[in-house]
Amino acid sequence: PPLSEEQAARWKLRAEKLKALAVMVREKFPGMKLQFGNTGDSCAIVAELLRQGFPTQYVDYVAVEDLGQTFIPERPLPGAMQSAWLLRETARVLGCPTARITACYEWIGRSHRPLGLGAQAAWYARDGLQARAYGFHTIKLGTIHDAGQGYFHTIWGACGLTYRYPYLYPKPAYAALATLTLLLDQARFSKVLDTGTHALYGLEFERPEGGWVYAVWTPRGKREVRLVFSAEGKIRVVTFLGREQPQVRLAQVDLEAGESPFYLISEKRLEKVEA
């Protein structure tokens with residue numbers, strides 16, 4: 001519904017104050033990035049700021065805060081990973097065509113209690129991979145450890161990569177994100193793979209030292225996959241928890257894709273995916 005006169009006046013004042021703050025930050029701290037959001041999917045607040053004519057040269061990023069919880073990362077709905085797309089497109093439609101998306105300081109939180117430890121780890125890895133594909137400036141997944149008091153029993157309290165203080169035993173999610181950051185360190189997202197189906201996801205990253213990293217997974221279930229390369233070359237396959245198979249020289253690889261991503265490091269570029 002349209003804003004009342006009182007609401008419109010409040011939003012106008014907010015936009016004016018925010019503009020003054022943004023001008024000051026640009027002048028005093030030119031290297032600081034400004035991101036706008038922190039209200040769940042952030043669509044409403046970003047949309048109204050842009051409707052009020054907030055100058056887009058001060059918008060470095062629009063930022064999403066949704067928790068995700070038990071929504072699979074690929075499901076296109078508000079409240080989960082794909083709020084990123086909704087927020088980015090909201091900003092682009094309302095006058096910020098170059099809008100880039102990122103995460104707030106608290107973003108996806110997957111509790112191991114409803115999901116189980118394995119799904120928590122796999123979904124965090126899939127969240128992180130898709131955030132890299134979106135070009136997030138900040139990727140904030142879970143917390144370092146679970147909450148140490150009654151807060152643990154809320155929907156937010158068991159999202160850690162390790163168990164509660166003082167033990168801090170690592171969960172599988174700890175290894176999953178360690179593997180992701182190790183293999184994609186300084187790698188540049190290149191493209192989404194054409195798998196021929198919405199039941200199989202694949203991403204391509206270019207490594208700074210040369211070669212390519214591929215991440216492949218399914219949103220649900222398992223699927224046989226053949227990866228065909230441009231020529232024979234060195235290939236390593238790494239599970240999402242970091243277990244590595246011996247390096248081989250091949251021109252194609254047959255693997256079983258599942259809900260936990262696998263990584264394939266190759267000196268040759270992938271030519272096609274057969275599923």
# chains A, B, ... in the order shown; residues from 1 in each chain; ligands from 1
>>> select_by_dssp(residues="stretch 8-191 of chain A", states="strand (DSSP E or B)", output="PyMOL selection string")
chain A and resi 35-37+61-64+68+101-103+108-109+141+143-145+160-162+170+188-191
>>> residues_around(residues="A:Gly157", least_positions_apart="2", cutoff="10 Å", atoms="only C-alpha atoms", output="ChimeraX atom specification")
/A:109-113,142-143,145-155,159-160,164
>>> residues_around(residues="stretch 174-178 of chain A", least_positions_apart="2", cutoff="9 Å", atoms="only C-alpha atoms", output="JSON, numbers by chain")
{"A": [121, 122, 124, 125, 128, 141, 144, 160, 161, 162, 170, 171, 172, 180, 181, 182, 183, 239, 240, 241, 242]}
>>> atom_distance(atom1="atom CA of A:Lys222", atom2="atom CA of A:Gly258")
4.4 Å
>>> closest_atom_pairs(of="stretch 92-187 of chain A", to="stretch 43-55 of chain A", cutoff="12 Å", atoms="only C-alpha atoms", output="JSON lines")
{"residue": "A:Arg92", "atom": "CA", "partner": "A:Ala47", "partner_atom": "CA", "distance": 9.7}
{"residue": "A:Val93", "atom": "CA", "partner": "A:Ala47", "partner_atom": "CA", "distance": 9.1}
{"residue": "A:Leu94", "atom": "CA", "partner": "A:Leu50", "partner_atom": "CA", "distance": 6.3}
{"residue": "A:Gly95", "atom": "CA", "partner": "A:Leu50", "partner_atom": "CA", "distance": 6.8}
{"residue": "A:Cys96", "atom": "CA", "partner": "A:Leu50", "partner_atom": "CA", "distance": 7.9}
{"residue": "A:Pro97", "atom": "CA", "partner": "A:Leu50", "partner_atom": "CA", "distance": 11.5}
{"residue": "A:Ala99", "atom": "CA", "partner": "A:Val46", "partner_atom": "CA", "distance": 10.9}
{"residue": "A:Ile101", "atom": "CA", "partner": "A:Cys43", "partner_atom": "CA", "distance": 11.7}
>>> closest_residue(among="A:Trp212, A:Phe262, A:Trp156, A:Phe189", to="A:Val225", atoms="only C-alpha atoms")
A:Phe262
>>> closest_residue(among="A:Leu117, A:Ala187, A:Val253, A:Val62", to="A:Gly210", atoms="only C-alpha atoms")
A:Ala187
>>> select_by_dssp(residues="stretch 20-256 of chain A", states="alpha helix (DSSP H)", output="VMD selection string")
chain A and resid 20 to 28 43 to 51 83 to 93 112 to 115 117 to 134 172 to 183
>>> residues_around(residues="stretch 192-194 of chain A", least_positions_apart="6", cutoff="9 Å", atoms="only C-alpha atoms", output="ChimeraX atom specification")
/A:133,201-204,214,216,272-273
>>> write_last_selection(atoms="N, CA and C atoms", output="short mmCIF file (atom, residue, chain, number, x, y, z; two decimals), in the first residue's frame")
data_model
loop_
_atom_site.label_atom_id
_atom_site.label_comp_id
_atom_site.auth_asym_id
_atom_site.auth_seq_id
_atom_site.Cartn_x
_atom_site.Cartn_y
_atom_site.Cartn_z
N ALA A 133 29.66 -17.10 -6.28
CA ALA A 133 29.15 -16.89 -7.63
C ALA A 133 28.43 -15.55 -7.75
N TYR A 201 23.86 -28.87 -10.11
CA TYR A 201 24.49 -27.55 -10.09
C TYR A 201 26.00 -27.69 -10.26
N GLY A 202 26.59 -26.72 -10.95
CA GLY A 202 28.03 -26.72 -11.13
C GLY A 202 28.55 -25.31 -11.32
N LEU A 203 29.70 -25.03 -10.71
CA LEU A 203 30.33 -23.71 -10.82
C LEU A 203 31.78 -23.88 -11.25
N GLU A 204 32.28 -22.91 -12.01
CA GLU A 204 33.66 -22.91 -12.47
C GLU A 204 34.40 -21.72 -11.88
N TYR A 214 36.32 -26.83 -10.09
CA TYR A 214 34.90 -27.05 -10.37
C TYR A 214 34.23 -27.60 -9.12
N VAL A 216 30.55 -29.27 -7.93
CA VAL A 216 29.35 -29.89 -8.50
C VAL A 216 28.54 -30.53 -7.37
N LYS A 272 32.35 -29.89 -21.28
CA LYS A 272 30.92 -30.13 -21.15
C LYS A 272 30.65 -31.04 -19.98
N VAL A 273 29.38 -31.00 -19.55
CA VAL A 273 28.90 -31.86 -18.46
C VAL A 273 27.80 -32.76 -19.03
#
>>> closest_residue(among="A:Trp85, A:Arg126, A:Lys140, A:Val23", to="A:Leu67", atoms="only C-alpha atoms")
A:Lys140
>>> residues_around(residues="A:Gly221", least_positions_apart="6", cutoff="9 Å", atoms="only C-alpha atoms", output="VMD selection string")
chain A and resid 199 257 to 259
>>> write_last_selection(atoms="N, CA, C and O atoms", output="tab-separated table (two decimals), in the first residue's frame")
chain	number	residue	atom	x	y	z
A	199	ALA	N	18.40	-30.08	-11.76
A	199	ALA	CA	18.65	-31.00	-10.65
A	199	ALA	C	20.14	-31.25	-10.44
A	199	ALA	O	20.52	-32.14	-9.67
A	257	ALA	N	27.40	-37.34	-8.25
A	257	ALA	CA	27.13	-36.08	-7.57
A	257	ALA	C	26.04	-36.29	-6.53
A	257	ALA	O	25.10	-37.06	-6.74
A	258	GLY	N	26.16	-35.61	-5.40
A	258	GLY	CA	25.16	-35.71	-4.35
A	258	GLY	C	24.95	-34.37	-3.67
A	258	GLY	O	25.40	-33.32	-4.16
A	259	GLU	N	24.28	-34.39	-2.53
A	259	GLU	CA	23.93	-33.17	-1.83
A	259	GLU	C	25.14	-32.49	-1.20
A	259	GLU	O	25.07	-31.32	-0.83
>>> residues_around(residues="A:Pro246", least_positions_apart="2", cutoff="9 Å", atoms="only C-alpha atoms", output="JSON, numbers by chain")
{"A": [235, 236, 237, 244, 248]}
>>> write_last_selection(atoms="N, CA and C atoms", output="compact mmCIF listing (two decimals), in the first residue's frame")
# COMPACT_ATOMS: atom_id res chain seq x y z
N ILE A 235 44.30 -34.11 -12.94
CA ILE A 235 43.01 -33.90 -12.28
C ILE A 235 43.08 -34.40 -10.85
N ARG A 236 42.56 -33.62 -9.93
CA ARG A 236 42.40 -34.05 -8.54
C ARG A 236 40.94 -33.90 -8.15
N VAL A 237 40.41 -34.88 -7.44
CA VAL A 237 39.05 -34.83 -6.92
C VAL A 237 39.12 -34.75 -5.40
N GLU A 244 41.04 -36.24 -0.29
CA GLU A 244 41.52 -36.10 -1.66
C GLU A 244 41.86 -37.45 -2.29
N VAL A 248 45.39 -37.92 -11.09
CA VAL A 248 45.46 -38.75 -12.29
C VAL A 248 45.50 -37.85 -13.52
>>> atom_distance(atom1="atom CA of A:Gln35", atom2="atom CA of A:Gly135")
13.9 Å
>>> atom_distance(atom1="atom CA of A:Thr218", atom2="atom CA of A:Pro261")
7.7 Å
>>> decode(residues="stretch 116-132 of chain A", atoms="all heavy atoms", output="mmCIF file, in the first residue's frame")
data_model
loop_
_atom_site.group_PDB
_atom_site.id
_atom_site.type_symbol
_atom_site.label_atom_id
_atom_site.label_comp_id
_atom_site.auth_asym_id
_atom_site.auth_seq_id
_atom_site.Cartn_x
_atom_site.Cartn_y
_atom_site.Cartn_z
ATOM 1 N N GLY A 116 20.950 -32.030 11.251
ATOM 2 C CA GLY A 116 21.995 -33.043 11.389
ATOM 3 C C GLY A 116 23.328 -32.437 11.009
ATOM 4 O O GLY A 116 23.410 -31.462 10.251
ATOM 5 N N LEU A 117 24.392 -33.023 11.501
ATOM 6 C CA LEU A 117 25.724 -32.457 11.277
ATOM 7 C C LEU A 117 26.145 -32.501 9.810
ATOM 8 O O LEU A 117 26.781 -31.589 9.306
ATOM 9 C CB LEU A 117 26.746 -33.202 12.131
ATOM 10 C CG LEU A 117 26.625 -32.989 13.640
ATOM 11 C CD1 LEU A 117 27.515 -33.971 14.381
ATOM 12 C CD2 LEU A 117 26.977 -31.554 14.011
ATOM 13 N N GLY A 118 25.788 -33.597 9.105
ATOM 14 C CA GLY A 118 26.189 -33.727 7.704
ATOM 15 C C GLY A 118 25.522 -32.701 6.812
ATOM 16 O O GLY A 118 26.171 -32.051 5.987
ATOM 17 N N ALA A 119 24.214 -32.527 6.961
ATOM 18 C CA ALA A 119 23.492 -31.556 6.134
ATOM 19 C C ALA A 119 23.909 -30.137 6.474
ATOM 20 O O ALA A 119 24.020 -29.288 5.587
ATOM 21 C CB ALA A 119 21.990 -31.727 6.320
ATOM 22 N N GLN A 120 24.149 -29.863 7.750
ATOM 23 C CA GLN A 120 24.624 -28.529 8.122
ATOM 24 C C GLN A 120 25.904 -28.189 7.364
ATOM 25 O O GLN A 120 26.056 -27.107 6.797
ATOM 26 C CB GLN A 120 24.879 -28.432 9.627
ATOM 27 C CG GLN A 120 25.356 -27.054 10.069
ATOM 28 C CD GLN A 120 25.978 -27.057 11.461
ATOM 29 O OE1 GLN A 120 26.758 -27.949 11.798
ATOM 30 N NE2 GLN A 120 25.631 -26.064 12.265
ATOM 31 N N ALA A 121 26.838 -29.126 7.344
ATOM 32 C CA ALA A 121 28.116 -28.900 6.672
ATOM 33 C C ALA A 121 27.938 -28.728 5.159
ATOM 34 O O ALA A 121 28.492 -27.811 4.547
ATOM 35 C CB ALA A 121 29.063 -30.061 6.964
ATOM 36 N N ALA A 122 27.144 -29.619 4.559
ATOM 37 C CA ALA A 122 26.941 -29.558 3.102
ATOM 38 C C ALA A 122 26.224 -28.287 2.685
ATOM 39 O O ALA A 122 26.568 -27.653 1.681
ATOM 40 C CB ALA A 122 26.155 -30.782 2.643
ATOM 41 N N TRP A 123 25.215 -27.892 3.464
ATOM 42 C CA TRP A 123 24.457 -26.685 3.099
ATOM 43 C C TRP A 123 25.303 -25.431 3.275
ATOM 44 O O TRP A 123 25.210 -24.498 2.482
ATOM 45 C CB TRP A 123 23.183 -26.604 3.926
ATOM 46 C CG TRP A 123 22.158 -27.619 3.536
ATOM 47 C CD1 TRP A 123 22.369 -28.776 2.825
ATOM 48 C CD2 TRP A 123 20.769 -27.593 3.844
ATOM 49 N NE1 TRP A 123 21.198 -29.470 2.679
ATOM 50 C CE2 TRP A 123 20.189 -28.768 3.285
ATOM 51 C CE3 TRP A 123 19.952 -26.714 4.542
ATOM 52 C CZ2 TRP A 123 18.840 -29.057 3.413
ATOM 53 C CZ3 TRP A 123 18.593 -27.005 4.665
ATOM 54 C CH2 TRP A 123 18.054 -28.156 4.102
ATOM 55 N N TYR A 124 26.133 -25.397 4.325
ATOM 56 C CA TYR A 124 27.050 -24.253 4.471
ATOM 57 C C TYR A 124 27.976 -24.153 3.253
ATOM 58 O O TYR A 124 28.244 -23.070 2.745
ATOM 59 C CB TYR A 124 27.889 -24.397 5.740
ATOM 60 C CG TYR A 124 27.291 -23.784 6.983
ATOM 61 C CD1 TYR A 124 27.559 -24.327 8.241
ATOM 62 C CD2 TYR A 124 26.489 -22.653 6.925
ATOM 63 C CE1 TYR A 124 27.030 -23.774 9.398
ATOM 64 C CE2 TYR A 124 25.958 -22.091 8.076
ATOM 65 C CZ TYR A 124 26.230 -22.648 9.313
ATOM 66 O OH TYR A 124 25.712 -22.091 10.455
ATOM 67 N N ALA A 125 28.492 -25.294 2.801
ATOM 68 C CA ALA A 125 29.376 -25.281 1.633
ATOM 69 C C ALA A 125 28.624 -24.775 0.400
ATOM 70 O O ALA A 125 29.145 -23.968 -0.380
ATOM 71 C CB ALA A 125 29.936 -26.675 1.382
ATOM 72 N N ARG A 126 27.402 -25.208 0.204
ATOM 73 C CA ARG A 126 26.603 -24.756 -0.938
ATOM 74 C C ARG A 126 26.246 -23.283 -0.821
ATOM 75 O O ARG A 126 26.239 -22.537 -1.819
ATOM 76 C CB ARG A 126 25.353 -25.623 -1.059
ATOM 77 C CG ARG A 126 25.662 -26.999 -1.637
ATOM 78 C CD ARG A 126 24.685 -28.088 -1.232
ATOM 79 N NE ARG A 126 23.282 -27.778 -1.497
ATOM 80 C CZ ARG A 126 22.282 -28.608 -1.184
ATOM 81 N NH1 ARG A 126 22.551 -29.787 -0.631
ATOM 82 N NH2 ARG A 126 21.037 -28.279 -1.436
ATOM 83 N N ASP A 127 25.959 -22.811 0.407
ATOM 84 C CA ASP A 127 25.742 -21.378 0.616
ATOM 85 C C ASP A 127 26.979 -20.581 0.207
ATOM 86 O O ASP A 127 26.886 -19.565 -0.491
ATOM 87 C CB ASP A 127 25.444 -21.090 2.091
ATOM 88 C CG ASP A 127 24.080 -21.579 2.545
ATOM 89 O OD1 ASP A 127 23.116 -21.471 1.766
ATOM 90 O OD2 ASP A 127 23.982 -22.060 3.689
ATOM 91 N N GLY A 128 28.143 -21.044 0.658
ATOM 92 C CA GLY A 128 29.376 -20.327 0.366
ATOM 93 C C GLY A 128 29.715 -20.312 -1.109
ATOM 94 O O GLY A 128 30.161 -19.294 -1.651
ATOM 95 N N LEU A 129 29.495 -21.434 -1.780
ATOM 96 C CA LEU A 129 29.765 -21.507 -3.216
ATOM 97 C C LEU A 129 28.876 -20.538 -3.991
ATOM 98 O O LEU A 129 29.346 -19.818 -4.891
ATOM 99 C CB LEU A 129 29.554 -22.928 -3.713
ATOM 100 C CG LEU A 129 30.643 -23.934 -3.336
ATOM 101 C CD1 LEU A 129 30.161 -25.365 -3.563
ATOM 102 C CD2 LEU A 129 31.914 -23.669 -4.133
ATOM 103 N N GLN A 130 27.607 -20.494 -3.652
ATOM 104 C CA GLN A 130 26.705 -19.592 -4.363
ATOM 105 C C GLN A 130 26.987 -18.136 -4.035
ATOM 106 O O GLN A 130 26.850 -17.255 -4.892
ATOM 107 C CB GLN A 130 25.256 -19.969 -4.050
ATOM 108 C CG GLN A 130 24.876 -21.314 -4.657
ATOM 109 C CD GLN A 130 23.489 -21.762 -4.291
ATOM 110 O OE1 GLN A 130 22.509 -21.288 -4.843
ATOM 111 N NE2 GLN A 130 23.398 -22.682 -3.341
ATOM 112 N N ALA A 131 27.412 -17.866 -2.809
ATOM 113 C CA ALA A 131 27.803 -16.503 -2.463
ATOM 114 C C ALA A 131 29.007 -16.056 -3.293
ATOM 115 O O ALA A 131 29.076 -14.902 -3.740
ATOM 116 C CB ALA A 131 28.121 -16.411 -0.970
ATOM 117 N N ARG A 132 29.949 -16.960 -3.506
ATOM 118 C CA ARG A 132 31.090 -16.632 -4.373
ATOM 119 C C ARG A 132 30.625 -16.340 -5.792
ATOM 120 O O ARG A 132 31.121 -15.427 -6.461
ATOM 121 C CB ARG A 132 32.096 -17.790 -4.386
ATOM 122 C CG ARG A 132 32.934 -17.933 -3.122
ATOM 123 C CD ARG A 132 33.887 -16.753 -2.918
ATOM 124 N NE ARG A 132 34.715 -16.506 -4.083
ATOM 125 C CZ ARG A 132 35.908 -17.062 -4.314
ATOM 126 N NH1 ARG A 132 36.397 -17.924 -3.443
ATOM 127 N NH2 ARG A 132 36.593 -16.766 -5.395
#
